[in-house]
Amino acid sequence: MNTITQQLAALGHTLPAVKAPAANYLSYTLHDNLLFVAGQIGRPGAARSVVVGAGLSAEAARQEAEIAALGVLAIINAVTDGDMQRVVQVQRLGVFIAATADFDGHSAIANGASDLMVAVLGERGRHARTAIGVASLPTGAAVEVDAIVRLQPVTA
Amino acid sequence: MNTITQQLAALGHTLPAVKAPAANYLSYTLHDNLLFVAGQIGRPGAARSVVVGAGLSAEAARQEAEIAALGVLAIINAVTDGDMQRVVQVQRLGVFIAATADFDGHSAIANGASDLMVAVLGERGRHARTAIGVASLPTGAAVEVDAIVRLQPVTA
Amino acid sequence: MNTITQQLAALGHTLPAVKAPAANYLSYTLHDNLLFVAGQIGRPGAARSVVVGAGLSAEAARQEAEIAALGVLAIINAVTDGDMQRVVQVQRLGVFIAATADFDGHSAIANGASDLMVAVLGERGRHARTAIGVASLPTGAAVEVDAIVRLQPVTA
């Protein structure tokens with residue numbers, strides 16, 4: 001079985017532990033095969049050195065998007081026991097980037113998340129995406145990613 | 001029957017009237033048991049005195065999140081005739097906070113919404129959450145909250 | 001048959017071509033009759049002259065919202081082969097407006113998108129809406145719109 005963990009390892013990534021929610025909410029909800037993954041962030045404080053449009057490296061911001069997407073994948077992995085066959089498709093990815101008013105390169109940064117989803121999940125990882133530049137993010141993160149994922153019905 | 005109104009009253013809250021949408025849209029849509037609640041805001045103009053990160057009280061902002069969540073609960077109440085048994089789960093809560101670029105305390109403010117959902121709806125109120133800091137909100141509100149809620153099928 | 005294209009023509013609009021996604025994602029995903037439309041933007045660079053709250057014309061921004069909504073309609077048209085009967089309802093519209101911190105007129109601008117959806121799709125176009133003011137958008141657009149649409153099951 002080709003698992004999410006194996007795919008990540010082949011790409012040089014280690015699946016992070018699923019973080020306990022920072023507050024009074026859940027990492028995910030799942031009903032009728034529709035999985036909602038809570039917003040996952042890159043590194044706390046990263047926006048201080050990586051705030052987009054204010055002297056940051058776009059590559060550094062792209063890595064923050066990748067870190068946030070790793071958090072999303074960790075939750076998908078936990079929900080599916082790592083069985084990628086249970087993922088029908090990532091239906092939607094929301095990518096929120098801490099950015100200045102005059103920044104316009106959100107797409108390339110958001111690709112840090114999108115490319116990882118596709119590299120790990122293949123066609124199942126392709127998604128409709130909404131990327132926007134926000135004022136700030138929890139813990140001073142530079143990027144936050146959430147997801148809506150269609151799963152296979154569990155068969156008895 | 002333990003209703004949403006009764007739970008709110010026990011917590012010292014009064015259920016607000018469902019506000020007519022401020023524009024050409026609906027307060028909610030419901031199909032296949034998936035309820036989408038339109039963005040509900042705290043008090044108009046609150047961002048002027050409560051804009052997060054610019055000398056506001058975090059507690060005041062938390063209350064704005066609570067007010068916005070009350071608007072969401074009012075809509076859930078209207079759709080379900082107050083019958084909490086019809087709520088399977090709040091699948092996702094979006095919390096949008098008017099904030100400065102260097103603010104990082106979004107989670108505590110968003111808890112004003114999350115805590116209320118759980119206090120009123122119990123386990124059914126637990127949700128995946130995405131909280132972000134935005135530039136500004138309609139009518140100068142400090143916080144906006146929207147929701148996706150899974151309901152029980154209506155039985156004949 | 002009254003098609004989306006015909007309705008748009010009657011309103012004086014031309015349906016734009018579906019844009020290829022600017023990056024590694026899809027224009028839409030569709031499973032179990034739930035269509036997720038990726039964020040569609042107004043004109044690149046429009047935020048420079050139309051950034052809301054910083055000397056723009058609200059009417060110009062409203063037109064940007066309309067352009068973004070045309071992009072959403074182009075995708076709905078492609079998915080349904082223009083057959084509006086296949087749209088059960090636009091369940092949710094997200095409207096993201098590049099705005100300053102003290103701007104408060106988001107609703108009127110977002111109506112540029114909402115009004116078009118209803119003018120073209122009628123009651124099927126009515127939607128729950130979340131409108132927020134963001135720091136910036138991809139390519140310097142002034143407005144971005146995404147959608148979740150409930151479609152009829154395809155019958156054999």
# chains A, B, ... in the order shown; residues from 1 in each chain; ligands from 1

call {"tool": "closest_atom_pairs", "arguments": {"of": "chain C", "to": "chain B", "cutoff": "8 Å", "atoms": "only C-alpha atoms", "output": "tab-separated table"}}
result
residue	atom	partner	partner_atom	distance
C:Gln91	CA	B:Thr29	CA	5.5
C:Arg92	CA	B:Phe36	CA	6.6
C:Ala99	CA	B:Ala135	CA	6.4
C:Thr100	CA	B:Ala135	CA	6.0
C:Ala101	CA	B:Ser136	CA	4.9
C:Asp102	CA	B:Ser136	CA	6.6
C:Phe103	CA	B:Ser136	CA	6.4
C:Asp104	CA	B:Thr139	CA	4.5
C:Gly105	CA	B:Pro138	CA	6.0
C:His106	CA	B:Pro138	CA	5.0
C:Ser107	CA	B:Pro138	CA	6.1
C:Ala108	CA	B:Ala23	CA	7.3
C:Asn111	CA	B:Asn24	CA	6.4
C:Ser114	CA	B:Asn24	CA	6.1
C:Asp115	CA	B:Asn24	CA	6.3
C:Arg126	CA	B:Tyr25	CA	5.7
C:His127	CA	B:Tyr25	CA	5.4
C:Ala128	CA	B:Ala38	CA	4.5
C:Arg129	CA	B:Ala38	CA	4.8
C:Thr130	CA	B:Gly39	CA	4.5
C:Ala131	CA	B:Gly39	CA	7.1
C:Ile132	CA	B:Leu137	CA	5.2
C:Gly133	CA	B:Ser136	CA	4.7
C:Val134	CA	B:Ala135	CA	4.9
C:Ala135	CA	B:Ala135	CA	5.4
C:Arg150	CA	B:His31	CA	7.5

call {"tool": "residues_around", "arguments": {"residues": "A:Leu70", "least_positions_apart": "2", "cutoff": "8 Å", "atoms": "only C-alpha atoms", "output": "list in words"}}
result
Leu15, Pro16, Glu66, Ile67, Ala68, Val72, Leu73, Ala74 and Leu116 of chain A

call {"tool": "write_last_selection", "arguments": {"atoms": "N, CA and C atoms", "output": "CSV table (one decimal), in the first residue's frame"}}
result
chain,number,residue,atom,x,y,z
A,15,LEU,N,6.1,13.5,8.1
A,15,LEU,CA,4.7,13.9,8.5
A,15,LEU,C,4.7,14.4,9.9
A,16,PRO,N,4.3,15.7,10.1
A,16,PRO,CA,4.3,16.2,11.5
A,16,PRO,C,3.2,15.5,12.3
A,66,GLU,N,4.1,25.4,2.4
A,66,GLU,CA,4.3,23.9,2.4
A,66,GLU,C,4.2,23.4,3.8
A,67,ILE,N,4.7,24.1,4.8
A,67,ILE,CA,4.6,23.6,6.2
A,67,ILE,C,3.1,23.6,6.6
A,68,ALA,N,2.4,24.6,6.2
A,68,ALA,CA,0.9,24.6,6.6
A,68,ALA,C,0.2,23.4,5.9
A,72,VAL,N,-2.1,20.0,7.1
A,72,VAL,CA,-3.3,19.5,6.5
A,72,VAL,C,-3.2,18.0,6.1
A,73,LEU,N,-2.1,17.6,5.6
A,73,LEU,CA,-1.8,16.2,5.2
A,73,LEU,C,-1.8,15.3,6.4
A,74,ALA,N,-1.2,15.9,7.5
A,74,ALA,CA,-1.2,15.1,8.7
A,74,ALA,C,-2.6,14.7,9.2
A,116,LEU,N,2.5,20.5,-3.0
A,116,LEU,CA,2.7,19.4,-2.1
A,116,LEU,C,1.5,18.5,-2.1

call {"tool": "residues_around", "arguments": {"residues": "stretch 6-10 of chain C", "least_positions_apart": "2", "cutoff": "10 Å", "atoms": "only C-alpha atoms", "output": "PyMOL selection string"}}
result
chain C and resi 1-4+12-15+70+73+82+84+116-117+119-122

call {"tool": "write_last_selection", "arguments": {"atoms": "N, CA and C atoms", "output": "short mmCIF file (atom, residue, chain, number, x, y, z; two decimals), in the first residue's frame"}}
result
data_model
loop_
_atom_site.label_atom_id
_atom_site.label_comp_id
_atom_site.auth_asym_id
_atom_site.auth_seq_id
_atom_site.Cartn_x
_atom_site.Cartn_y
_atom_site.Cartn_z
N MET C 1 -34.50 26.42 -24.67
CA MET C 1 -33.79 26.38 -23.39
C MET C 1 -33.16 27.73 -23.10
N ASN C 2 -33.40 28.22 -21.93
CA ASN C 2 -32.81 29.48 -21.52
C ASN C 2 -31.45 29.20 -20.89
N THR C 3 -30.40 29.58 -21.59
CA THR C 3 -29.08 29.22 -21.11
C THR C 3 -28.42 30.37 -20.35
N ILE C 4 -27.38 30.04 -19.66
CA ILE C 4 -26.61 31.04 -18.94
C ILE C 4 -26.07 32.07 -19.92
N GLY C 12 -26.37 42.17 -21.44
CA GLY C 12 -25.29 42.94 -22.04
C GLY C 12 -23.90 42.44 -21.69
N HIS C 13 -23.84 41.22 -21.16
CA HIS C 13 -22.55 40.67 -20.80
C HIS C 13 -22.15 39.57 -21.78
N THR C 14 -20.87 39.43 -21.98
CA THR C 14 -20.34 38.32 -22.76
C THR C 14 -19.67 37.35 -21.80
N LEU C 15 -19.98 36.09 -21.95
CA LEU C 15 -19.37 35.10 -21.08
C LEU C 15 -17.89 34.99 -21.41
N LEU C 70 -18.43 37.04 -13.22
CA LEU C 70 -18.52 36.51 -14.59
C LEU C 70 -17.61 35.29 -14.74
N LEU C 73 -19.40 32.43 -13.22
CA LEU C 73 -20.49 31.97 -14.11
C LEU C 73 -19.95 31.21 -15.31
N GLY C 82 -24.19 24.96 -19.86
CA GLY C 82 -25.07 26.10 -20.02
C GLY C 82 -26.51 25.88 -19.59
N MET C 84 -29.13 25.92 -17.15
CA MET C 84 -29.38 26.46 -15.82
C MET C 84 -30.24 25.55 -14.95
N LEU C 116 -25.34 40.03 -10.02
CA LEU C 116 -25.17 39.34 -11.30
C LEU C 116 -25.60 37.88 -11.21
N MET C 117 -25.24 37.23 -10.12
CA MET C 117 -25.62 35.82 -9.96
C MET C 117 -27.15 35.68 -10.01
N ALA C 119 -29.31 37.95 -11.28
CA ALA C 119 -29.84 38.39 -12.58
C ALA C 119 -29.73 37.28 -13.61
N VAL C 120 -28.68 36.49 -13.53
CA VAL C 120 -28.47 35.44 -14.52
C VAL C 120 -29.20 34.15 -14.15
N LEU C 121 -29.12 33.76 -12.90
CA LEU C 121 -29.63 32.45 -12.49
C LEU C 121 -30.97 32.53 -11.79
N GLY C 122 -31.49 33.72 -11.54
CA GLY C 122 -32.76 33.86 -10.85
C GLY C 122 -32.67 33.34 -9.43
#

call {"tool": "atom_distance", "arguments": {"atom1": "atom CA of C:Ile76", "atom2": "atom CA of C:Gly42"}}
result
16.9 Å

call {"tool": "select_by_dssp", "arguments": {"residues": "chain A", "states": "strand (DSSP E)", "output": "JSON, numbers by chain"}}
result
{"A": [28, 29, 30, 31, 34, 35, 36, 37, 38, 39, 40, 41, 87, 88, 89, 90, 91, 92, 93, 94, 95, 96, 97, 98, 128, 129, 130, 131, 132, 133, 134, 143, 144, 145, 146, 147, 148, 149, 150, 151]}

call {"tool": "select_by_dssp", "arguments": {"residues": "stretch 23-88 of chain A", "states": "alpha helix (DSSP H)", "output": "PDB file with N, CA and C atoms, in the first residue's frame"}}
result
ATOM      1  N   ALA A  46       6.573  33.542  11.869  1.00  0.00           N
ATOM      2  CA  ALA A  46       7.259  33.605  10.577  1.00  0.00           C
ATOM      3  C   ALA A  46       6.933  34.898   9.831  1.00  0.00           C
ATOM      4  N   ALA A  47       5.758  35.464  10.081  1.00  0.00           N
ATOM      5  CA  ALA A  47       5.373  36.674   9.358  1.00  0.00           C
ATOM      6  C   ALA A  47       6.309  37.838   9.687  1.00  0.00           C
ATOM      7  N   ARG A  48       6.948  37.787  10.853  1.00  0.00           N
ATOM      8  CA  ARG A  48       7.867  38.868  11.221  1.00  0.00           C
ATOM      9  C   ARG A  48       9.022  38.948  10.236  1.00  0.00           C
ATOM     10  N   SER A  49       9.557  37.793   9.868  1.00  0.00           N
ATOM     11  CA  SER A  49      10.696  37.814   8.943  1.00  0.00           C
ATOM     12  C   SER A  49      10.289  37.535   7.505  1.00  0.00           C
ATOM     13  N   VAL A  50       9.094  37.060   7.331  1.00  0.00           N
ATOM     14  CA  VAL A  50       8.706  36.638   5.985  1.00  0.00           C
ATOM     15  C   VAL A  50       7.479  37.352   5.465  1.00  0.00           C
ATOM     16  N   ALA A  58      10.286  35.364  -1.365  1.00  0.00           N
ATOM     17  CA  ALA A  58       9.097  34.631  -1.804  1.00  0.00           C
ATOM     18  C   ALA A  58       9.285  33.140  -1.584  1.00  0.00           C
ATOM     19  N   GLU A  59      10.544  32.682  -1.693  1.00  0.00           N
ATOM     20  CA  GLU A  59      10.799  31.256  -1.497  1.00  0.00           C
ATOM     21  C   GLU A  59      10.558  30.873  -0.035  1.00  0.00           C
ATOM     22  N   ALA A  60      10.937  31.766   0.873  1.00  0.00           N
ATOM     23  CA  ALA A  60      10.688  31.481   2.293  1.00  0.00           C
ATOM     24  C   ALA A  60       9.187  31.396   2.560  1.00  0.00           C
ATOM     25  N   ALA A  61       8.426  32.258   1.930  1.00  0.00           N
ATOM     26  CA  ALA A  61       6.974  32.234   2.125  1.00  0.00           C
ATOM     27  C   ALA A  61       6.371  30.969   1.514  1.00  0.00           C
ATOM     28  N   ARG A  62       6.932  30.569   0.382  1.00  0.00           N
ATOM     29  CA  ARG A  62       6.467  29.341  -0.255  1.00  0.00           C
ATOM     30  C   ARG A  62       6.680  28.140   0.673  1.00  0.00           C
ATOM     31  N   GLN A  63       7.804  28.152   1.377  1.00  0.00           N
ATOM     32  CA  GLN A  63       8.058  27.059   2.322  1.00  0.00           C
ATOM     33  C   GLN A  63       7.067  27.080   3.482  1.00  0.00           C
ATOM     34  N   GLU A  64       6.672  28.277   3.883  1.00  0.00           N
ATOM     35  CA  GLU A  64       5.667  28.362   4.953  1.00  0.00           C
ATOM     36  C   GLU A  64       4.348  27.748   4.487  1.00  0.00           C
ATOM     37  N   ALA A  65       4.006  27.967   3.219  1.00  0.00           N
ATOM     38  CA  ALA A  65       2.780  27.362   2.675  1.00  0.00           C
ATOM     39  C   ALA A  65       2.895  25.845   2.682  1.00  0.00           C
ATOM     40  N   GLU A  66       4.087  25.366   2.407  1.00  0.00           N
ATOM     41  CA  GLU A  66       4.329  23.921   2.403  1.00  0.00           C
ATOM     42  C   GLU A  66       4.184  23.355   3.818  1.00  0.00           C
ATOM     43  N   ILE A  67       4.714  24.065   4.780  1.00  0.00           N
ATOM     44  CA  ILE A  67       4.600  23.611   6.174  1.00  0.00           C
ATOM     45  C   ILE A  67       3.127  23.556   6.592  1.00  0.00           C
ATOM     46  N   ALA A  68       2.374  24.587   6.209  1.00  0.00           N
ATOM     47  CA  ALA A  68       0.949  24.590   6.556  1.00  0.00           C
ATOM     48  C   ALA A  68       0.236  23.417   5.889  1.00  0.00           C
ATOM     49  N   ALA A  69       0.594  23.127   4.632  1.00  0.00           N
ATOM     50  CA  ALA A  69      -0.029  22.009   3.913  1.00  0.00           C
ATOM     51  C   ALA A  69       0.361  20.674   4.529  1.00  0.00           C
ATOM     52  N   LEU A  70       1.575  20.587   5.073  1.00  0.00           N
ATOM     53  CA  LEU A  70       1.971  19.366   5.780  1.00  0.00           C
ATOM     54  C   LEU A  70       1.028  19.117   6.960  1.00  0.00           C
ATOM     55  N   GLY A  71       0.629  20.190   7.628  1.00  0.00           N
ATOM     56  CA  GLY A  71      -0.321  20.053   8.733  1.00  0.00           C
ATOM     57  C   GLY A  71      -1.669  19.528   8.247  1.00  0.00           C
ATOM     58  N   VAL A  72      -2.098  19.982   7.072  1.00  0.00           N
ATOM     59  CA  VAL A  72      -3.348  19.481   6.490  1.00  0.00           C
ATOM     60  C   VAL A  72      -3.205  18.002   6.143  1.00  0.00           C
ATOM     61  N   LEU A  73      -2.073  17.649   5.554  1.00  0.00           N
ATOM     62  CA  LEU A  73      -1.844  16.237   5.176  1.00  0.00           C
ATOM     63  C   LEU A  73      -1.779  15.336   6.408  1.00  0.00           C
ATOM     64  N   ALA A  74      -1.221  15.855   7.491  1.00  0.00           N
ATOM     65  CA  ALA A  74      -1.156  15.052   8.717  1.00  0.00           C
ATOM     66  C   ALA A  74      -2.557  14.700   9.202  1.00  0.00           C
ATOM     67  N   ILE A  75      -3.489  15.629   9.046  1.00  0.00           N
ATOM     68  CA  ILE A  75      -4.867  15.374   9.476  1.00  0.00           C
ATOM     69  C   ILE A  75      -5.551  14.401   8.513  1.00  0.00           C
ATOM     70  N   ILE A  76      -5.339  14.586   7.224  1.00  0.00           N
ATOM     71  CA  ILE A  76      -5.911  13.644   6.252  1.00  0.00           C
ATOM     72  C   ILE A  76      -5.355  12.245   6.511  1.00  0.00           C
ATOM     73  N   ASN A  77      -4.077  12.173   6.819  1.00  0.00           N
ATOM     74  CA  ASN A  77      -3.438  10.891   7.121  1.00  0.00           C
ATOM     75  C   ASN A  77      -4.072  10.227   8.349  1.00  0.00           C
ATOM     76  N   ALA A  78      -4.316  11.039   9.382  1.00  0.00           N
ATOM     77  CA  ALA A  78      -4.898  10.490  10.605  1.00  0.00           C
ATOM     78  C   ALA A  78      -6.324   9.995  10.360  1.00  0.00           C
ATOM     79  N   VAL A  79      -7.079  10.743   9.586  1.00  0.00           N
ATOM     80  CA  VAL A  79      -8.490  10.385   9.358  1.00  0.00           C
ATOM     81  C   VAL A  79      -8.600   9.132   8.499  1.00  0.00           C
ATOM     82  N   THR A  80      -7.684   8.966   7.557  1.00  0.00           N
ATOM     83  CA  THR A  80      -7.778   7.847   6.604  1.00  0.00           C
ATOM     84  C   THR A  80      -6.853   6.690   6.960  1.00  0.00           C
TER      85      THR A  80
END

call {"tool": "atom_distance", "arguments": {"atom1": "atom CA of C:Leu11", "atom2": "atom CA of C:Leu93"}}
result
20.7 Å
